[in-house]
Amino acid sequence: MYLDGTALPAAADPVIDILALLGDRSTLARVPDFRIEQAQDAASVAAYRELRREIFVHEQGLFDGHDLDAPDEDPRTIVLVARDRSGRIVGGVRLGPALDGPDIGWWQGGRLVVAPDARGLGGLGSALVRAACARAESEGALRFEAHVQARNEGLFTRIGWQRVRPVTIAGAPHVLMRWPIGRISALAAATKARLGTVLSALPQGLGGAGYVGDDGAPVPGTDVIAACDAIVPAMVERDPEWAGWCAVLVNVNDLAAMGARPVGLLDALGAKDARHAGRVLEGLASAAEAYGVPVLGGHTQFGVPAALAVTALGRTAHPIPGGGGHAGHAVRLTADLHGGWRSGYRGRQWDSTSRRTGEDLRTMIGSVAAARPAAAKDVSMAGIVGTLGMLAEASGCAAILDVAAVPKPTGASMGDWLTCFPGFAMLTADEPDAPALPAGPAVSVSCGELAEGKGVGLHWPDGEITAALDGPVTGMGPA
């Protein structure tokens, strides 16, 4: 198989060649009678289109002359074809962004076709549909739909598609169906869903009244905010300088989300040897210098598995709660779109901060304190939507995110951007006429609202709202 999930051409499939040489007839007998791949040349696309004409024009009479339309001319459209063992194209399907202009993660599939003499190749139509679903998700789609002929609704339902509503296409009854993409809910479940249960063992009101589940904790009787974050051990092991940088970044962001000015850091570091510890501390020191925050002390231990945690202290007389929003508040995303994917973390970690000046970094982390919105949270490993779900949960309401209005780097798909760790990104809630955060080079855009209910919905340009999160993210409840 290729890395994109398509199969090797039969003539060049080393596995089949080896099985043949070994005489493994039982395994060879189970090799599918077809393979699915992306059409890579004009001849393959032409063969797919000719097959469509044969079926949709001549066999079914849905169109006169041809069935070509705008998606066929869109260079973003992907064509997947099925070839039989002789290499002949016997089926195909196309998919691509549903709208002209920037890809916002709304994709459509269509023109699924199987040659008449290939309809006995067990599961060919279903395999094409599954391949299209996998490809759409790999391209960052968060909404994937198709207009399905009514007689084929059962096939799609068996695969897991959901019926939306009946429609008429080319004078024939069709059904709009949607493939459920659970990328956002799966991330929230993996990173945050168990917090409420696990933290229930600690005293009630963790974080203090009004600040339960916040990014930092007000120290009672003072204007001090304390925050603490640990870095994933695997990251400390394989990318120590970046781990050190991120340990500062995530803690400073936690303080910034509460409107606090960072005043110092404490680190706890475990490393296999002094050399590895030095590399971690090199990254930590670079970030501390860039943000203008002193390292006050900490603890270092050698001869142990890699581990890193940092505690940050900040000060503010007016902490901004993560749960200070209410229904009717506008949601704003303030994010630094500069930079690119961190090497080795494509689709998961966006690195803008290591390429910014100290002045830019300090301006960005001071923006929440300057604007003083009703509620604020920095975007965590739960991603933009998961973090918005936490802000809404702490505020006792639901949230709607206007996908088309979300500021996004051109180098990231919407699916990746809404589920990655974005470097510097703040979600805030405030009155609809509240000004943008003064975050220097970061962009600040109103792109949603808080509403009655629970969970997070994605609002699309056609007015549809799809559920990204059905309910609370952490289970910790309102702050």
# chains A, B, ... in the order shown; residues from 1 in each chain; ligands from 1

$ residues_around --residues "Met381 (chain A)" --least-positions-apart "5" --cutoff "12 Å" --atoms "only C-alpha atoms" --output "PyMOL selection string"
chain A and resi 184+187-192+229-232+250+348-350+386-388+390+417-425

$ select_by_dssp --residues "region 14-138 of chain A" --states "helix (DSSP H, G or I)" --output "PyMOL selection string"
chain A and resi 14-22+25-29+42-59+70-73+116-118+124-138

$ residues_around --residues "region 399-413 of chain A" --least-positions-apart "2" --cutoff "8 Å" --atoms "only C-alpha atoms" --output "short mmCIF file (atom, residue, chain, number, x, y, z; two decimals) with N, CA, C and O atoms, in the first residue's frame"
data_model
loop_
_atom_site.label_atom_id
_atom_site.label_comp_id
_atom_site.auth_asym_id
_atom_site.auth_seq_id
_atom_site.Cartn_x
_atom_site.Cartn_y
_atom_site.Cartn_z
N ASP A 103 -10.70 26.29 1.04
CA ASP A 103 -11.23 25.04 1.57
C ASP A 103 -11.47 25.21 3.07
O ASP A 103 -10.53 25.40 3.84
N ILE A 104 -12.73 25.13 3.48
CA ILE A 104 -13.06 25.30 4.90
C ILE A 104 -13.37 23.97 5.58
O ILE A 104 -13.89 23.95 6.70
N GLY A 105 -13.08 22.85 4.90
CA GLY A 105 -13.31 21.56 5.52
C GLY A 105 -14.65 20.95 5.22
O GLY A 105 -15.02 19.93 5.83
N GLU A 139 -7.67 14.60 4.15
CA GLU A 139 -7.50 15.94 3.59
C GLU A 139 -7.98 17.03 4.54
O GLU A 139 -7.95 18.21 4.19
N GLY A 140 -8.43 16.64 5.72
CA GLY A 140 -8.84 17.62 6.72
C GLY A 140 -10.30 17.99 6.69
O GLY A 140 -10.71 18.98 7.31
N ALA A 141 -11.13 17.21 6.01
CA ALA A 141 -12.56 17.50 5.98
C ALA A 141 -13.19 17.24 7.33
O ALA A 141 -12.85 16.27 8.01
N VAL A 331 -18.02 34.86 20.44
CA VAL A 331 -16.78 34.11 20.61
C VAL A 331 -15.75 34.66 19.64
O VAL A 331 -16.03 34.85 18.45
N LEU A 333 -11.64 34.29 18.25
CA LEU A 333 -10.38 33.57 18.21
C LEU A 333 -9.27 34.54 17.86
O LEU A 333 -9.33 35.22 16.83
N ALA A 335 -5.32 34.43 17.14
CA ALA A 335 -4.31 33.41 16.87
C ALA A 335 -3.19 33.97 16.01
O ALA A 335 -3.40 34.84 15.16
N LEU A 337 -0.99 33.26 13.04
CA LEU A 337 -1.01 32.38 11.88
C LEU A 337 0.35 32.26 11.21
O LEU A 337 0.51 31.54 10.21
N HIS A 338 1.33 32.94 11.76
CA HIS A 338 2.69 32.91 11.21
C HIS A 338 3.32 31.54 11.47
O HIS A 338 2.92 30.81 12.37
N GLY A 340 4.70 27.60 10.72
CA GLY A 340 4.35 26.37 10.01
C GLY A 340 4.36 25.19 10.95
O GLY A 340 4.58 25.32 12.16
N GLY A 347 0.42 18.49 11.31
CA GLY A 347 -0.99 18.28 11.60
C GLY A 347 -1.32 18.29 13.07
O GLY A 347 -2.50 18.23 13.44
N VAL A 385 -11.70 23.64 18.87
CA VAL A 385 -13.09 23.28 19.19
C VAL A 385 -13.20 22.67 20.58
O VAL A 385 -14.11 22.99 21.34
N LEU A 388 -12.93 25.46 23.04
CA LEU A 388 -14.18 26.22 23.05
C LEU A 388 -15.24 25.46 23.84
O LEU A 388 -16.03 26.06 24.58
N GLY A 389 -15.26 24.14 23.70
CA GLY A 389 -16.20 23.34 24.48
C GLY A 389 -15.97 23.47 25.97
O GLY A 389 -16.92 23.50 26.76
N ALA A 392 -17.28 26.89 27.04
CA ALA A 392 -18.73 26.85 27.10
C ALA A 392 -19.22 26.06 28.32
O ALA A 392 -20.15 26.47 29.01
N CYS A 397 -23.07 26.80 29.24
CA CYS A 397 -23.86 26.94 28.02
C CYS A 397 -23.20 26.16 26.89
O CYS A 397 -22.28 25.37 27.11
N GLY A 415 -9.43 20.74 9.24
CA GLY A 415 -9.44 19.65 10.21
C GLY A 415 -8.22 19.66 11.10
O GLY A 415 -8.30 19.48 12.31
N ASP A 416 -7.05 19.87 10.49
CA ASP A 416 -5.82 19.94 11.27
C ASP A 416 -5.81 21.16 12.18
O ASP A 416 -5.43 21.09 13.35
N TRP A 417 -6.21 22.30 11.64
CA TRP A 417 -6.13 23.56 12.40
C TRP A 417 -7.04 23.53 13.63
O TRP A 417 -6.66 23.99 14.71
N VAL A 443 -3.92 37.65 14.58
CA VAL A 443 -5.21 38.13 14.10
C VAL A 443 -6.27 37.82 15.15
O VAL A 443 -6.17 36.85 15.89
N SER A 444 -7.30 38.66 15.21
CA SER A 444 -8.35 38.51 16.20
C SER A 444 -9.69 38.67 15.50
O SER A 444 -10.02 39.75 15.01
N VAL A 445 -10.47 37.57 15.43
CA VAL A 445 -11.69 37.55 14.62
C VAL A 445 -12.85 36.99 15.43
O VAL A 445 -12.73 35.95 16.08
N SER A 446 -13.98 37.67 15.38
CA SER A 446 -15.21 37.14 15.97
C SER A 446 -15.74 36.05 15.05
O SER A 446 -16.00 36.28 13.87
N CYS A 447 -15.88 34.82 15.58
CA CYS A 447 -16.22 33.69 14.71
C CYS A 447 -17.19 32.71 15.36
O CYS A 447 -17.18 31.53 15.04
N GLY A 448 -18.04 33.20 16.26
CA GLY A 448 -19.00 32.31 16.87
C GLY A 448 -19.75 32.98 17.99
O GLY A 448 -19.64 34.20 18.20
N GLU A 449 -20.50 32.17 18.72
CA GLU A 449 -21.27 32.72 19.83
C GLU A 449 -21.55 31.63 20.86
O GLU A 449 -21.48 30.43 20.56
N LEU A 450 -21.83 32.06 22.08
CA LEU A 450 -22.32 31.17 23.12
C LEU A 450 -23.84 31.14 23.07
O LEU A 450 -24.47 32.15 22.75
N ALA A 451 -24.41 29.98 23.35
CA ALA A 451 -25.85 29.81 23.24
C ALA A 451 -26.37 28.91 24.35
O ALA A 451 -25.59 28.28 25.07
N LYS A 454 -25.78 22.65 25.49
CA LYS A 454 -24.50 22.03 25.80
C LYS A 454 -23.79 21.64 24.50
O LYS A 454 -24.42 21.41 23.48
N GLY A 455 -22.48 21.54 24.59
CA GLY A 455 -21.70 21.07 23.46
C GLY A 455 -21.28 22.19 22.52
O GLY A 455 -21.42 23.37 22.83
N VAL A 456 -20.76 21.79 21.37
CA VAL A 456 -20.28 22.73 20.35
C VAL A 456 -20.81 22.30 19.00
O VAL A 456 -20.70 21.13 18.62
N GLY A 457 -21.39 23.25 18.27
CA GLY A 457 -21.84 23.00 16.91
C GLY A 457 -21.01 23.79 15.93
O GLY A 457 -20.49 24.87 16.25
N LEU A 458 -20.84 23.25 14.74
CA LEU A 458 -20.13 23.93 13.66
C LEU A 458 -21.15 24.50 12.69
O LEU A 458 -21.97 23.77 12.12
N HIS A 459 -21.11 25.82 12.50
CA HIS A 459 -22.04 26.49 11.61
C HIS A 459 -21.38 26.67 10.24
O HIS A 459 -20.26 27.16 10.14
N TRP A 460 -22.10 26.24 9.18
CA TRP A 460 -21.55 26.25 7.82
C TRP A 460 -22.24 27.31 6.96
O TRP A 460 -23.34 27.76 7.30
N PRO A 461 -21.63 27.68 5.85
CA PRO A 461 -22.18 28.77 5.02
C PRO A 461 -23.59 28.52 4.51
O PRO A 461 -24.30 29.48 4.19
#

$ residues_around --residues "region 120-127 of chain A" --least-positions-apart "2" --cutoff "8 Å" --atoms "only C-alpha atoms" --output "PDB file with N, CA and C atoms, in the first residue's frame"
ATOM      1  N   ASP A  33     -10.332  -8.802  -6.047  1.00  0.00           N
ATOM      2  CA  ASP A  33     -10.357  -8.801  -7.505  1.00  0.00           C
ATOM      3  C   ASP A  33     -10.174  -7.399  -8.074  1.00  0.00           C
ATOM      4  N   PHE A  34      -9.988  -6.426  -7.227  1.00  0.00           N
ATOM      5  CA  PHE A  34      -9.814  -5.052  -7.691  1.00  0.00           C
ATOM      6  C   PHE A  34      -8.886  -4.309  -6.727  1.00  0.00           C
ATOM      7  N   ALA A  82     -11.225   2.301  -9.458  1.00  0.00           N
ATOM      8  CA  ALA A  82     -11.014   0.881  -9.152  1.00  0.00           C
ATOM      9  C   ALA A  82     -10.599   0.173 -10.438  1.00  0.00           C
ATOM     10  N   GLY A  91     -14.591   1.110 -12.057  1.00  0.00           N
ATOM     11  CA  GLY A  91     -15.388   1.889 -11.117  1.00  0.00           C
ATOM     12  C   GLY A  91     -14.655   3.138 -10.714  1.00  0.00           C
ATOM     13  N   LEU A 112     -20.416   8.264  -8.037  1.00  0.00           N
ATOM     14  CA  LEU A 112     -19.994   6.887  -7.767  1.00  0.00           C
ATOM     15  C   LEU A 112     -20.517   5.996  -8.882  1.00  0.00           C
ATOM     16  N   VAL A 113     -19.635   5.220  -9.486  1.00  0.00           N
ATOM     17  CA  VAL A 113     -20.040   4.416 -10.619  1.00  0.00           C
ATOM     18  C   VAL A 113     -19.286   3.086 -10.615  1.00  0.00           C
ATOM     19  N   VAL A 114     -19.993   2.029 -11.015  1.00  0.00           N
ATOM     20  CA  VAL A 114     -19.394   0.695 -11.150  1.00  0.00           C
ATOM     21  C   VAL A 114     -19.837   0.129 -12.504  1.00  0.00           C
ATOM     22  N   ASP A 117     -20.334  -5.055 -15.778  1.00  0.00           N
ATOM     23  CA  ASP A 117     -19.740  -6.379 -15.661  1.00  0.00           C
ATOM     24  C   ASP A 117     -18.855  -6.540 -14.435  1.00  0.00           C
ATOM     25  N   ALA A 118     -18.752  -5.463 -13.606  1.00  0.00           N
ATOM     26  CA  ALA A 118     -17.943  -5.538 -12.382  1.00  0.00           C
ATOM     27  C   ALA A 118     -18.802  -5.527 -11.126  1.00  0.00           C
ATOM     28  N   VAL A 129     -16.668   3.827  -1.714  1.00  0.00           N
ATOM     29  CA  VAL A 129     -17.222   4.792  -0.759  1.00  0.00           C
ATOM     30  C   VAL A 129     -16.314   4.904   0.467  1.00  0.00           C
ATOM     31  N   ARG A 130     -15.871   3.770   0.992  1.00  0.00           N
ATOM     32  CA  ARG A 130     -14.992   3.797   2.162  1.00  0.00           C
ATOM     33  C   ARG A 130     -13.675   4.504   1.841  1.00  0.00           C
ATOM     34  N   ALA A 131     -13.149   4.252   0.650  1.00  0.00           N
ATOM     35  CA  ALA A 131     -11.907   4.917   0.251  1.00  0.00           C
ATOM     36  C   ALA A 131     -12.108   6.428   0.173  1.00  0.00           C
ATOM     37  N   LEU A 155     -27.044   0.943   0.919  1.00  0.00           N
ATOM     38  CA  LEU A 155     -25.605   0.680   0.860  1.00  0.00           C
ATOM     39  C   LEU A 155     -24.849   1.651   1.745  1.00  0.00           C
ATOM     40  N   PHE A 156     -25.178   2.927   1.651  1.00  0.00           N
ATOM     41  CA  PHE A 156     -24.484   3.940   2.442  1.00  0.00           C
ATOM     42  C   PHE A 156     -24.819   3.801   3.925  1.00  0.00           C
ATOM     43  N   ILE A 159     -22.763   1.174   5.638  1.00  0.00           N
ATOM     44  CA  ILE A 159     -21.377   1.583   5.858  1.00  0.00           C
ATOM     45  C   ILE A 159     -21.264   2.518   7.056  1.00  0.00           C
TER      46      ILE A 159
END

$ atom_distance --atom1 "CA of Ala309 (chain A)" --atom2 "CA of Asp254 (chain A)"
13.8 Å

$ closest_residue --among "A:Leu266, A:Val90, A:Ala285, A:Leu176" --to "Ile36 (chain A)" --atoms "only C-alpha atoms"
A:Val90

$ closest_residue --among "A:Thr168, A:Gln149, A:Thr311, A:Gln60" --to "Val252 (chain A)" --atoms "only C-alpha atoms"
A:Thr311

$ closest_residue --among "A:Thr357, A:Ile465, A:Pro472, A:Ile384" --to "Pro441 (chain A)" --atoms "only C-alpha atoms"
A:Thr357

$ residues_around --residues "Ala277 (chain A)" --least-positions-apart "4" --cutoff "9 Å" --atoms "only C-alpha atoms" --output "list of chain:residue names"
A:Pro240, A:Leu269, A:Gly270, A:Ala271, A:Lys272, A:Asp273, A:Leu281, A:Glu282, A:Thr300, A:Gln301, A:Phe302, A:Ala306

$ atom_distance --atom1 "CA of Asp67 (chain A)" --atom2 "CA of Gly101 (chain A)"
23.2 Å
